[in-house]
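**Q** What follows is upload-v9.csv, CSV, C-alpha atoms.
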```csv
chain,number,residue,atom,x,y,z
A,1,MET,CA,-10.1,-2.9,4.2
A,2,SER,CA,-12.6,-5.6,5.0
A,3,ARG,CA,-15.1,-4.6,2.3
A,4,HIS,CA,-14.6,-4.1,-1.4
A,5,TYR,CA,-14.2,-0.4,-1.9
A,6,VAL,CA,-12.8,1.3,-5.0
A,7,ILE,CA,-11.5,4.8,-4.5
A,8,THR,CA,-11.5,7.2,-7.5
A,9,ILE,CA,-9.4,10.4,-7.2
A,10,SER,CA,-10.1,13.4,-9.4
A,11,ARG,CA,-7.9,16.4,-8.9
A,12,GLN,CA,-6.9,19.9,-10.1
A,13,PHE,CA,-3.5,20.0,-11.6
A,14,GLY,CA,-0.9,20.9,-9.0
A,15,THR,CA,-2.7,19.6,-6.0
A,16,GLY,CA,-0.3,16.6,-5.6
A,17,GLY,CA,-3.1,14.2,-6.5
A,18,ARG,CA,-0.8,11.5,-7.9
A,19,GLU,CA,1.4,11.5,-4.8
A,20,ILE,CA,-1.6,11.6,-2.4
A,21,GLY,CA,-3.2,8.7,-4.3
A,22,LYS,CA,-0.1,6.6,-4.1
A,23,ALA,CA,0.3,7.3,-0.4
A,24,LEU,CA,-3.4,6.6,0.2
A,25,GLY,CA,-3.2,3.2,-1.6
A,26,ALA,CA,-0.2,2.3,0.5
A,27,ALA,CA,-2.0,3.3,3.8
A,28,LEU,CA,-5.0,1.2,2.8
A,29,GLY,CA,-2.9,-1.7,1.5
A,30,VAL,CA,-4.5,-1.7,-1.9
A,31,PRO,CA,-3.1,-1.3,-5.5
A,32,VAL,CA,-3.0,2.1,-7.1
A,33,TYR,CA,-3.7,2.6,-10.8
A,34,ASP,CA,-2.5,5.8,-12.5
A,35,ARG,CA,-0.2,5.2,-15.5
A,36,GLU,CA,-0.5,1.5,-14.6
A,37,LEU,CA,-4.1,1.6,-15.8
A,38,LEU,CA,-2.9,2.6,-19.2
A,39,GLU,CA,-0.3,-0.1,-19.2
A,40,GLU,CA,-3.0,-2.7,-18.3
A,41,ALA,CA,-5.2,-1.5,-21.1
A,42,ALA,CA,-2.2,-1.6,-23.5
A,43,ARG,CA,-1.4,-5.2,-22.6
A,44,THR,CA,-5.0,-6.2,-22.9
A,45,TYR,CA,-5.5,-4.7,-26.4
A,46,CYS,CA,-2.0,-5.4,-27.7
A,47,ILE,CA,-1.2,-1.7,-28.3
A,48,PRO,CA,2.1,0.0,-27.4
A,49,VAL,CA,1.5,1.9,-24.2
A,50,SER,CA,3.4,4.9,-25.7
A,51,VAL,CA,0.8,5.1,-28.5
A,52,MET,CA,-2.1,5.0,-26.1
A,53,GLU,CA,-0.4,7.7,-24.0
A,54,ARG,CA,-0.9,10.2,-26.8
A,55,ASN,CA,-4.7,10.0,-26.5
A,56,ASP,CA,-4.7,9.7,-22.7
A,57,GLU,CA,-6.0,12.2,-20.2
A,58,THR,CA,-2.4,13.2,-19.4
A,59,ALA,CA,-1.0,13.3,-23.0
A,60,PRO,CA,1.7,16.0,-23.3
A,61,SER,CA,0.4,19.3,-24.6
A,62,ARG,CA,2.4,21.7,-26.8
A,63,VAL,CA,3.3,23.5,-23.6
A,64,LEU,CA,5.0,20.4,-22.1
A,65,GLU,CA,6.7,19.7,-25.5
A,66,SER,CA,8.2,23.2,-25.3
A,67,PHE,CA,9.6,22.3,-21.9
A,68,ALA,CA,11.3,19.2,-23.5
A,69,LEU,CA,9.0,16.8,-21.6
A,70,SER,CA,7.2,15.2,-24.5
A,71,ALA,CA,7.5,11.5,-25.5
A,72,PRO,CA,9.5,10.4,-28.6
A,73,SER,CA,7.9,10.7,-31.9
A,74,LEU,CA,5.2,8.3,-33.0
A,75,SER,CA,7.3,6.7,-35.7
A,76,MET,CA,10.1,6.0,-33.2
A,77,LEU,CA,7.6,4.4,-30.8
A,78,THR,CA,5.6,2.3,-33.2
A,79,GLY,CA,8.0,1.3,-36.0
A,80,ALA,CA,6.4,0.5,-39.3
A,81,VAL,CA,2.9,0.1,-37.8
A,82,ASP,CA,0.7,3.1,-38.2
A,83,TYR,CA,-1.5,3.1,-35.1
A,84,SER,CA,-2.8,6.6,-35.6
A,85,THR,CA,-5.8,5.4,-37.6
A,86,ILE,CA,-7.0,2.9,-35.0
A,87,VAL,CA,-5.9,4.4,-31.7
A,88,THR,CA,-8.0,7.5,-31.2
A,89,SER,CA,-9.1,9.4,-28.1
A,90,ASP,CA,-12.4,7.5,-28.3
A,91,THR,CA,-10.9,4.1,-28.6
A,92,THR,CA,-8.4,4.8,-25.9
A,93,PHE,CA,-11.1,6.0,-23.5
A,94,ALA,CA,-13.2,2.9,-24.3
A,95,TRP,CA,-10.3,0.6,-23.6
A,96,GLN,CA,-9.4,2.4,-20.4
A,97,SER,CA,-13.0,2.3,-19.2
A,98,ALA,CA,-13.3,-1.4,-19.8
A,99,THR,CA,-10.0,-1.8,-17.9
A,100,ILE,CA,-11.3,0.4,-15.0
A,101,ARG,CA,-14.4,-1.7,-14.7
A,102,ARG,CA,-12.4,-5.0,-14.7
A,103,LEU,CA,-10.0,-3.8,-12.1
A,104,ALA,CA,-12.8,-2.5,-9.9
A,105,LYS,CA,-14.4,-6.0,-9.9
A,106,GLU,CA,-11.1,-7.7,-9.1
A,107,GLY,CA,-10.7,-6.0,-5.7
A,108,PRO,CA,-10.2,-2.9,-3.7
A,109,CYS,CA,-8.0,-0.3,-5.3
A,110,VAL,CA,-7.3,3.4,-5.9
A,111,ILE,CA,-7.8,4.8,-9.4
A,112,ILE,CA,-6.4,8.2,-10.3
A,113,GLY,CA,-8.1,10.3,-12.9
A,114,ARG,CA,-9.2,9.1,-16.3
A,115,CYS,CA,-12.9,9.8,-15.6
A,116,ALA,CA,-13.0,6.8,-13.3
A,117,ASP,CA,-15.5,8.6,-11.1
A,118,HIS,CA,-17.9,8.8,-14.1
A,119,VAL,CA,-17.1,5.3,-15.4
A,120,LEU,CA,-17.9,3.7,-12.1
A,121,ARG,CA,-20.7,6.0,-11.0
A,122,GLY,CA,-23.5,4.0,-9.5
A,123,THR,CA,-21.3,1.0,-8.8
A,124,PRO,CA,-21.6,-0.2,-5.2
A,125,GLY,CA,-18.6,0.4,-3.1
A,126,VAL,CA,-17.1,3.3,-5.1
A,127,VAL,CA,-15.9,6.3,-3.1
A,128,SER,CA,-15.2,9.3,-5.3
A,129,LEU,CA,-12.7,11.9,-4.0
A,130,PHE,CA,-11.9,15.4,-5.5
A,131,LEU,CA,-8.7,17.3,-4.6
A,132,TYR,CA,-8.4,21.0,-5.1
A,133,ALA,CA,-6.3,23.9,-3.9
A,134,ASP,CA,-6.0,27.7,-4.5
A,135,TYR,CA,-4.1,28.7,-7.6
A,136,GLU,CA,-1.0,30.2,-6.0
A,137,THR,CA,-0.4,27.0,-4.0
A,138,ARG,CA,-0.7,25.0,-7.2
A,139,VAL,CA,1.8,27.3,-8.9
A,140,ASP,CA,4.2,26.8,-6.1
A,141,HIS,CA,3.9,23.0,-6.3
A,142,ILE,CA,4.4,22.9,-10.1
A,143,THR,CA,7.3,25.3,-9.9
A,144,GLN,CA,9.1,23.1,-7.5
A,145,LYS,CA,8.1,19.8,-9.0
A,146,TYR,CA,9.2,20.6,-12.5
A,147,GLN,CA,11.8,23.2,-11.8
A,148,LEU,CA,10.0,25.8,-13.9
A,149,SER,CA,9.7,29.6,-13.6
A,150,ARG,CA,6.4,30.8,-12.2
A,151,GLY,CA,5.4,32.1,-15.6
A,152,ASP,CA,5.9,28.7,-17.2
A,153,ALA,CA,4.2,27.0,-14.3
A,154,THR,CA,1.1,29.1,-14.7
A,155,ILE,CA,1.0,28.3,-18.5
A,156,LEU,CA,1.4,24.6,-17.7
A,157,ILE,CA,-1.4,24.7,-15.2
A,158,ASP,CA,-3.8,26.6,-17.4
A,159,GLU,CA,-3.1,24.4,-20.5
A,160,THR,CA,-3.3,21.2,-18.5
A,161,GLU,CA,-6.6,22.2,-16.8
A,162,LYS,CA,-8.0,23.2,-20.2
A,163,GLU,CA,-7.1,19.8,-21.7
A,164,ARG,CA,-8.3,17.9,-18.6
A,165,ALA,CA,-11.7,19.7,-18.8
A,166,ARG,CA,-12.0,19.1,-22.5
A,167,TYR,CA,-11.2,15.4,-22.1
A,168,TYR,CA,-13.8,15.0,-19.3
A,169,LYS,CA,-16.4,16.9,-21.2
A,170,ARG,CA,-15.8,14.9,-24.4
A,171,HIS,CA,-16.1,11.5,-22.8
A,172,THR,CA,-18.7,12.1,-20.1
A,173,GLY,CA,-20.8,15.0,-21.4
A,174,GLN,CA,-20.3,16.7,-18.0
A,175,GLU,CA,-18.3,19.5,-16.5
A,176,PHE,CA,-15.1,18.7,-14.8
A,177,ALA,CA,-14.6,19.7,-11.1
A,178,ARG,CA,-18.2,20.0,-10.1
A,179,MET,CA,-17.8,19.3,-6.5
A,180,GLU,CA,-21.4,18.0,-6.0
A,181,ASN,CA,-20.5,15.0,-8.1
A,182,TYR,CA,-18.0,13.7,-5.5
A,183,ASP,CA,-18.4,12.0,-2.1
A,184,LEU,CA,-15.6,14.1,-0.5
A,185,CYS,CA,-13.7,17.2,-1.7
A,186,LEU,CA,-10.5,18.1,0.1
A,187,ASN,CA,-8.5,21.3,-0.1
A,188,THR,CA,-4.9,20.1,-0.1
A,189,ALA,CA,-3.6,23.6,0.6
A,190,SER,CA,-5.3,23.5,4.0
A,191,VAL,CA,-3.5,20.4,5.4
A,192,ASN,CA,-0.1,18.8,5.0
A,193,ARG,CA,0.4,15.6,3.1
A,194,GLU,CA,0.3,13.4,6.2
A,195,MET,CA,-2.9,14.9,7.5
A,196,ALA,CA,-4.5,14.6,4.0
A,197,ILE,CA,-3.8,10.9,4.0
A,198,LEU,CA,-5.2,10.4,7.5
A,199,LEU,CA,-8.4,12.3,6.6
A,200,LEU,CA,-9.0,10.4,3.4
A,201,LYS,CA,-8.2,7.0,4.9
A,202,ALA,CA,-10.5,7.7,7.8
A,203,PHE,CA,-13.3,8.8,5.4
A,204,VAL,CA,-12.9,5.7,3.2
A,205,GLU,CA,-12.8,3.3,6.2
A,206,ASN,CA,-15.9,5.0,7.7
A,207,GLN,CA,-17.8,3.9,4.6
A,208,GLU,CA,-17.7,0.4,6.1
A,209,ASN,CA,-19.8,1.4,9.1
```
Could you render the structure as structure tokens?

**A**
Amino acid sequence: MSRHYVITISRQFGTGGREIGKALGAALGVPVYDRELLEEAARTYCIPVSVMERNDETAPSRVLESFALSAPSLSMLTGAVDYSTIVTSDTTFAWQSATIRRLAKEGPCVIIGRCADHVLRGTPGVVSLFLYADYETRVDHITQKYQLSRGDATILIDETEKERARYYKRHTGQEFARMENYDLCLNTASVNREMAILLLKAFVENQEN
């Protein structure tokens, strides 16, 4: 990429957004920040990343805990320090947002989720993408990815989408998944992974013209 473009990726749960984001970053030759963004913020503010994860966009819900996918308990992660009084959803979001802005200034990159489209809205060179797919395709993806029954996959999708919408509304005041807020929306069920990367890469590179 000859110009400084920052790509934000918002996505419905089960569209393969993380995998597509990683592959797009590799195709463009730029760093990708997903959980890495949380790790950057944790290092900057000297907070254990495991503590910040509990207030993150992707914090495990009770449904995930029931599938034995949750993180260790807070006391195991933090020792004698009680971070619960200082690390809230609001402070985590503020630290993440500051980190997003810093990384966007440092060079081209792909940022997955965490309201980056809103945090960087109006910033020159930002390309916002939204990935979606029909419900059944997403159920199939989650069933295979996490080795769940279809019933459990639907519960996980519904709960995760609810939490993601709640997180976005709380921190942006806007509704999640409003397609008019994005530069490009792609139905990941309509193309295979390789074609999705080619289409997104071509769209981003076309912004230079």

**Q** Tell me which protein, DNA and RNA residues are within 12 Å of Arg102 in chain A, counting only C-alpha atoms, leaving out same-chain ones fewer than 6 positions away, and put them as a PyMOL selection string.

**A** chain A and resi 6+37+40-41+44+95-96+108-109+116+119-120

**Q** Output the selection as a PDB file, keeping the file's coordinate frame - C-alpha atoms for each residue.

**A**
```pdb
ATOM      1  CA  VAL A   6     -12.800   1.300  -5.000  1.00  0.00           C
ATOM      2  CA  LEU A  37      -4.100   1.600 -15.800  1.00  0.00           C
ATOM      3  CA  GLU A  40      -3.000  -2.700 -18.300  1.00  0.00           C
ATOM      4  CA  ALA A  41      -5.200  -1.500 -21.100  1.00  0.00           C
ATOM      5  CA  THR A  44      -5.000  -6.200 -22.900  1.00  0.00           C
ATOM      6  CA  TRP A  95     -10.300   0.600 -23.600  1.00  0.00           C
ATOM      7  CA  GLN A  96      -9.400   2.400 -20.400  1.00  0.00           C
ATOM      8  CA  PRO A 108     -10.200  -2.900  -3.700  1.00  0.00           C
ATOM      9  CA  CYS A 109      -8.000  -0.300  -5.300  1.00  0.00           C
ATOM     10  CA  ALA A 116     -13.000   6.800 -13.300  1.00  0.00           C
ATOM     11  CA  VAL A 119     -17.100   5.300 -15.400  1.00  0.00           C
ATOM     12  CA  LEU A 120     -17.900   3.700 -12.100  1.00  0.00           C
TER      13      LEU A 120
END
```

**Q** Go ahead and compute the interatomic distance for CA of Ile142 in chain A and CA of Thr15 in chain A, in Å to one decimal.

**A**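 A separation of 8.8 Å between them.
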
**Q** Work out how far CA of Ala196 in chain A is from CA of Ser97 in chain A, in Å to one decimal.

**A** 27.6 Å

**Q** Nearest to Tyr135 in chain A: which of A:Arg121, A:Lys22, A:Arg150, A:Arg166 is it, counting only C-alpha atoms?

**A**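 Looking only at the distances to Tyr135 in chain A, the closest residue turns out to be A:Arg150.
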
**Q** Which polymer residues, whether protein, DNA or RNA, lie within 10 Å of the coordinate (-1.5, 21.6, -11.3) when you count all atoms listed in the file? List them as a list of chain:residue names, using the chain letters and numbers from the file.

**A** A:Arg11, A:Gln12, A:Phe13, A:Gly14, A:Thr15, A:Gly16, A:Gly17, A:Tyr132, A:Ala133, A:Tyr135, A:Thr137, A:Arg138, A:Val139, A:Asp140, A:His141, A:Ile142, A:Thr143, A:Ala153, A:Thr154, A:Leu156, A:Ile157, A:Asp158, A:Glu159, A:Thr160, A:Glu161

**Q** List as a list in words: which residues have an atom within 12 Å of (-21.3, 18.2, -12.7), counting only C-alpha atoms?

**A** Asp117, His118, Ala165, Tyr168, Lys169, Thr172, Gly173, Gln174, Glu175, Phe176, Ala177, Arg178, Met179, Glu180, Asn181 and Tyr182 of chain A

**Q** Please determine, counting only C-alpha atoms, which residue among A:His171, A:Arg54, A:Arg43, A:Arg164 has the shortest atom-to-atom distance to Asp90 in chain A.

**A**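 Counting only C-alpha atoms, the residue closest to Asp90 in chain A is A:His171.
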
**Q** Can you tell me how far CA of Asn187 in chain A sits from CA of Tyr146 in chain A, in Å to one decimal?

**A** 21.6 Å

**Q** Under the rule that all atoms listed in the file are counted, which of A:Leu198, A:Cys185, A:Ile47, A:Val127 is the nearest residue to Ala23 in chain A?

**A** A:Leu198
